[in-house]
Amino acid sequence: MSRFMAHAFLDAFGHGSRQEDVLAHVRHHFSAARQSRELTDPACVTLVIGPPGDYAGYAQLVFGQPAPEALQAQAPVEMRRFYLRRDLHGRGWAASLMEAAKATARERGADALWLSVWQQAPRAIRFYRKHGFETIGTAVFHVGTDPQKDWLMACRLPAGG
């Protein structure tokens, strides 16, 4: 699983920073040991689509994290990662994964979902807007030592919807 997660990051962002920064980021965030900790952490829910060994994508929700100040919500949840294999874009897989992520967050009492997305990722930004996310601010995301500009986006999670 950690190999798939690392590949998904590299496919989406490997071109956006120097190779040494990208590799440092992958080593730190996508090692087998780190992924094992995240997959067994009760505050971290990882939703995976596709059969084992042939993963299509995944979303990772982290409960109990501080939300951006601009997000006024009682029980916000961070969507830390959302990736889909590039060859499956435009086929409905991402929409299904997003709906599953929203349903999981609602089931655990969340009233809002927030994320950060690279400002140089127009397709991802369009996808999030299509699924009810609005820009609420900016953040810096470090890829190794390279600071990248991200948008903070959030959507409300109405009960039962």
# chains A, B, ... in the order shown; residues from 1 in each chain; ligands from 1
>>> select_by_dssp(residues="segment 53-112 of chain A", states="strand (DSSP E)", output="list in words")
Gly57, Tyr58, Ala59, Gln60, Leu61, Val62, Pro76, Val77, Glu78, Met79, Arg80, Arg81, Phe82, Tyr83, Leu84 and Ala112 of chain A
>>> residues_around(residues="Ala70 of chain A", least_positions_apart="2", cutoff="7 Å", atoms="only C-alpha atoms", output="number ranges by chain")
A: 68, 72, 136
>>> write_last_selection(atoms="all heavy atoms", output="mmCIF file, in the first residue's frame")
data_model
loop_
_atom_site.group_PDB
_atom_site.id
_atom_site.type_symbol
_atom_site.label_atom_id
_atom_site.label_comp_id
_atom_site.auth_asym_id
_atom_site.auth_seq_id
_atom_site.Cartn_x
_atom_site.Cartn_y
_atom_site.Cartn_z
ATOM 1 N N PRO A 68 -8.426 25.229 9.858
ATOM 2 C CA PRO A 68 -8.078 26.634 9.593
ATOM 3 C C PRO A 68 -9.058 27.568 10.307
ATOM 4 O O PRO A 68 -10.245 27.263 10.428
ATOM 5 C CB PRO A 68 -8.229 26.759 8.076
ATOM 6 C CG PRO A 68 -8.189 25.365 7.552
ATOM 7 C CD PRO A 68 -8.708 24.478 8.639
ATOM 8 N N GLN A 72 -15.485 27.970 10.150
ATOM 9 C CA GLN A 72 -16.303 27.998 11.349
ATOM 10 C C GLN A 72 -17.179 26.746 11.356
ATOM 11 O O GLN A 72 -18.208 26.697 10.694
ATOM 12 C CB GLN A 72 -17.160 29.271 11.383
ATOM 13 C CG GLN A 72 -16.351 30.548 11.375
ATOM 14 C CD GLN A 72 -15.425 30.648 12.585
ATOM 15 O OE1 GLN A 72 -15.834 30.467 13.717
ATOM 16 N NE2 GLN A 72 -14.151 30.925 12.331
ATOM 17 N N ILE A 136 -11.158 28.898 1.221
ATOM 18 C CA ILE A 136 -11.308 29.658 2.471
ATOM 19 C C ILE A 136 -9.997 30.307 2.915
ATOM 20 O O ILE A 136 -9.971 31.008 3.923
ATOM 21 C CB ILE A 136 -11.861 28.779 3.607
ATOM 22 C CG1 ILE A 136 -10.920 27.604 3.903
ATOM 23 C CG2 ILE A 136 -13.278 28.313 3.286
ATOM 24 C CD1 ILE A 136 -11.238 26.857 5.179
#
>>> closest_residue(among="A:Asp21, A:Ala94, A:Arg80, A:Ile49", to="Arg123 of chain A", atoms="only C-alpha atoms")
A:Ala94
>>> residues_around(residues="Cys44 of chain A", least_positions_apart="5", cutoff="8 Å", atoms="only C-alpha atoms", output="number ranges by chain")
A: 38-39, 60-63
>>> write_last_selection(atoms="N, CA and C atoms", output="compact mmCIF listing (two decimals), in the first residue's frame")
# COMPACT_ATOMS: atom_id res chain seq x y z
N GLU A 38 -0.22 5.07 10.22
CA GLU A 38 -1.42 5.81 9.83
C GLU A 38 -2.61 4.87 9.64
N LEU A 39 -2.37 3.71 9.05
CA LEU A 39 -3.46 2.77 8.79
C LEU A 39 -4.02 2.16 10.06
N GLN A 60 -7.76 9.92 2.63
CA GLN A 60 -7.37 9.78 4.03
C GLN A 60 -7.96 10.94 4.83
N LEU A 61 -8.76 10.59 5.82
CA LEU A 61 -9.39 11.57 6.71
C LEU A 61 -8.70 11.51 8.06
N VAL A 62 -8.43 12.69 8.63
CA VAL A 62 -7.80 12.75 9.94
C VAL A 62 -8.70 13.54 10.87
N PHE A 63 -9.16 12.86 11.91
CA PHE A 63 -10.07 13.44 12.88
C PHE A 63 -9.29 14.06 14.03
>>> residues_around(residues="His29 of chain A", least_positions_apart="5", cutoff="10 Å", atoms="only C-alpha atoms", output="count of residues only")
8
>>> atom_distance(atom1="atom CA of Asp11 of chain A", atom2="atom CA of Ala43 of chain A")
26.8 Å
>>> closest_residue(among="A:Gly64, A:Gly137, A:Gly53, A:Gly92", to="Met79 of chain A", atoms="only C-alpha atoms")
A:Gly64
>>> decode(residues="segment 10-48 of chain A", atoms="N, CA and C atoms", output="short mmCIF file (atom, residue, chain, number, x, y, z; two decimals), in the first residue's frame")
data_model
loop_
_atom_site.label_atom_id
_atom_site.label_comp_id
_atom_site.auth_asym_id
_atom_site.auth_seq_id
_atom_site.Cartn_x
_atom_site.Cartn_y
_atom_site.Cartn_z
N LEU A 10 3.93 10.94 -6.35
CA LEU A 10 4.91 11.25 -7.40
C LEU A 10 4.21 11.56 -8.72
N ASP A 11 3.17 10.82 -9.04
CA ASP A 11 2.45 11.04 -10.29
C ASP A 11 1.79 12.42 -10.30
N ALA A 12 1.26 12.83 -9.14
CA ALA A 12 0.55 14.11 -9.07
C ALA A 12 1.49 15.30 -8.91
N PHE A 13 2.58 15.13 -8.14
CA PHE A 13 3.40 16.29 -7.76
C PHE A 13 4.89 16.15 -8.04
N GLY A 14 5.31 15.04 -8.59
CA GLY A 14 6.73 14.80 -8.80
C GLY A 14 7.42 15.83 -9.67
N HIS A 15 6.66 16.50 -10.52
CA HIS A 15 7.22 17.50 -11.43
C HIS A 15 7.27 18.91 -10.82
N GLY A 16 6.69 19.08 -9.62
CA GLY A 16 6.51 20.42 -9.07
C GLY A 16 7.65 20.95 -8.22
N SER A 17 8.62 20.10 -7.90
CA SER A 17 9.74 20.52 -7.05
C SER A 17 11.01 19.82 -7.53
N ARG A 18 12.12 20.24 -6.95
CA ARG A 18 13.39 19.57 -7.30
C ARG A 18 13.31 18.11 -6.88
N GLN A 19 13.99 17.25 -7.63
CA GLN A 19 13.93 15.81 -7.38
C GLN A 19 14.34 15.46 -5.95
N GLU A 20 15.36 16.12 -5.42
CA GLU A 20 15.80 15.78 -4.06
C GLU A 20 14.74 16.14 -3.02
N ASP A 21 13.98 17.22 -3.26
CA ASP A 21 12.90 17.59 -2.34
C ASP A 21 11.75 16.59 -2.43
N VAL A 22 11.40 16.21 -3.64
CA VAL A 22 10.31 15.25 -3.83
C VAL A 22 10.67 13.92 -3.17
N LEU A 23 11.88 13.45 -3.40
CA LEU A 23 12.30 12.17 -2.82
C LEU A 23 12.35 12.24 -1.29
N ALA A 24 12.80 13.36 -0.75
CA ALA A 24 12.81 13.52 0.71
C ALA A 24 11.39 13.47 1.26
N HIS A 25 10.47 14.12 0.58
CA HIS A 25 9.07 14.12 1.01
C HIS A 25 8.50 12.70 0.99
N VAL A 26 8.74 11.99 -0.10
CA VAL A 26 8.23 10.62 -0.23
C VAL A 26 8.84 9.72 0.85
N ARG A 27 10.15 9.82 1.07
CA ARG A 27 10.78 8.99 2.11
C ARG A 27 10.17 9.25 3.48
N HIS A 28 9.89 10.51 3.77
CA HIS A 28 9.36 10.87 5.08
C HIS A 28 7.89 10.48 5.24
N HIS A 29 7.07 10.76 4.25
CA HIS A 29 5.62 10.60 4.39
C HIS A 29 5.05 9.29 3.90
N PHE A 30 5.78 8.56 3.08
CA PHE A 30 5.21 7.36 2.48
C PHE A 30 6.02 6.09 2.75
N SER A 31 6.81 6.09 3.81
CA SER A 31 7.53 4.87 4.16
C SER A 31 6.53 3.82 4.63
N ALA A 32 6.91 2.56 4.53
CA ALA A 32 6.03 1.48 4.99
C ALA A 32 5.72 1.62 6.47
N ALA A 33 6.71 2.02 7.27
CA ALA A 33 6.48 2.17 8.71
C ALA A 33 5.48 3.28 8.99
N ARG A 34 5.61 4.41 8.32
CA ARG A 34 4.68 5.52 8.55
C ARG A 34 3.27 5.15 8.10
N GLN A 35 3.18 4.52 6.93
CA GLN A 35 1.86 4.14 6.44
C GLN A 35 1.21 3.11 7.37
N SER A 36 1.99 2.21 7.91
CA SER A 36 1.46 1.24 8.87
C SER A 36 0.89 1.95 10.09
N ARG A 37 1.61 2.95 10.60
CA ARG A 37 1.11 3.73 11.75
C ARG A 37 -0.18 4.45 11.40
N GLU A 38 -0.22 5.07 10.22
CA GLU A 38 -1.42 5.81 9.83
C GLU A 38 -2.61 4.87 9.64
N LEU A 39 -2.37 3.71 9.05
CA LEU A 39 -3.46 2.77 8.79
C LEU A 39 -4.02 2.16 10.06
N THR A 40 -3.25 2.18 11.14
CA THR A 40 -3.74 1.62 12.41
C THR A 40 -4.12 2.70 13.42
N ASP A 41 -3.97 3.96 13.07
CA ASP A 41 -4.33 5.07 13.96
C ASP A 41 -5.84 5.27 13.94
N PRO A 42 -6.52 5.17 15.09
CA PRO A 42 -7.98 5.34 15.10
C PRO A 42 -8.44 6.73 14.69
N ALA A 43 -7.58 7.74 14.76
CA ALA A 43 -7.96 9.09 14.34
C ALA A 43 -7.77 9.30 12.84
N CYS A 44 -7.22 8.31 12.17
CA CYS A 44 -6.93 8.41 10.73
C CYS A 44 -7.69 7.30 10.01
N VAL A 45 -8.59 7.68 9.11
CA VAL A 45 -9.36 6.71 8.34
C VAL A 45 -8.91 6.79 6.89
N THR A 46 -8.47 5.65 6.37
CA THR A 46 -8.02 5.58 4.98
C THR A 46 -9.01 4.74 4.20
N LEU A 47 -9.64 5.34 3.21
CA LEU A 47 -10.58 4.66 2.34
C LEU A 47 -9.85 4.31 1.04
N VAL A 48 -9.95 3.08 0.63
CA VAL A 48 -9.24 2.60 -0.56
C VAL A 48 -10.25 2.04 -1.54
#
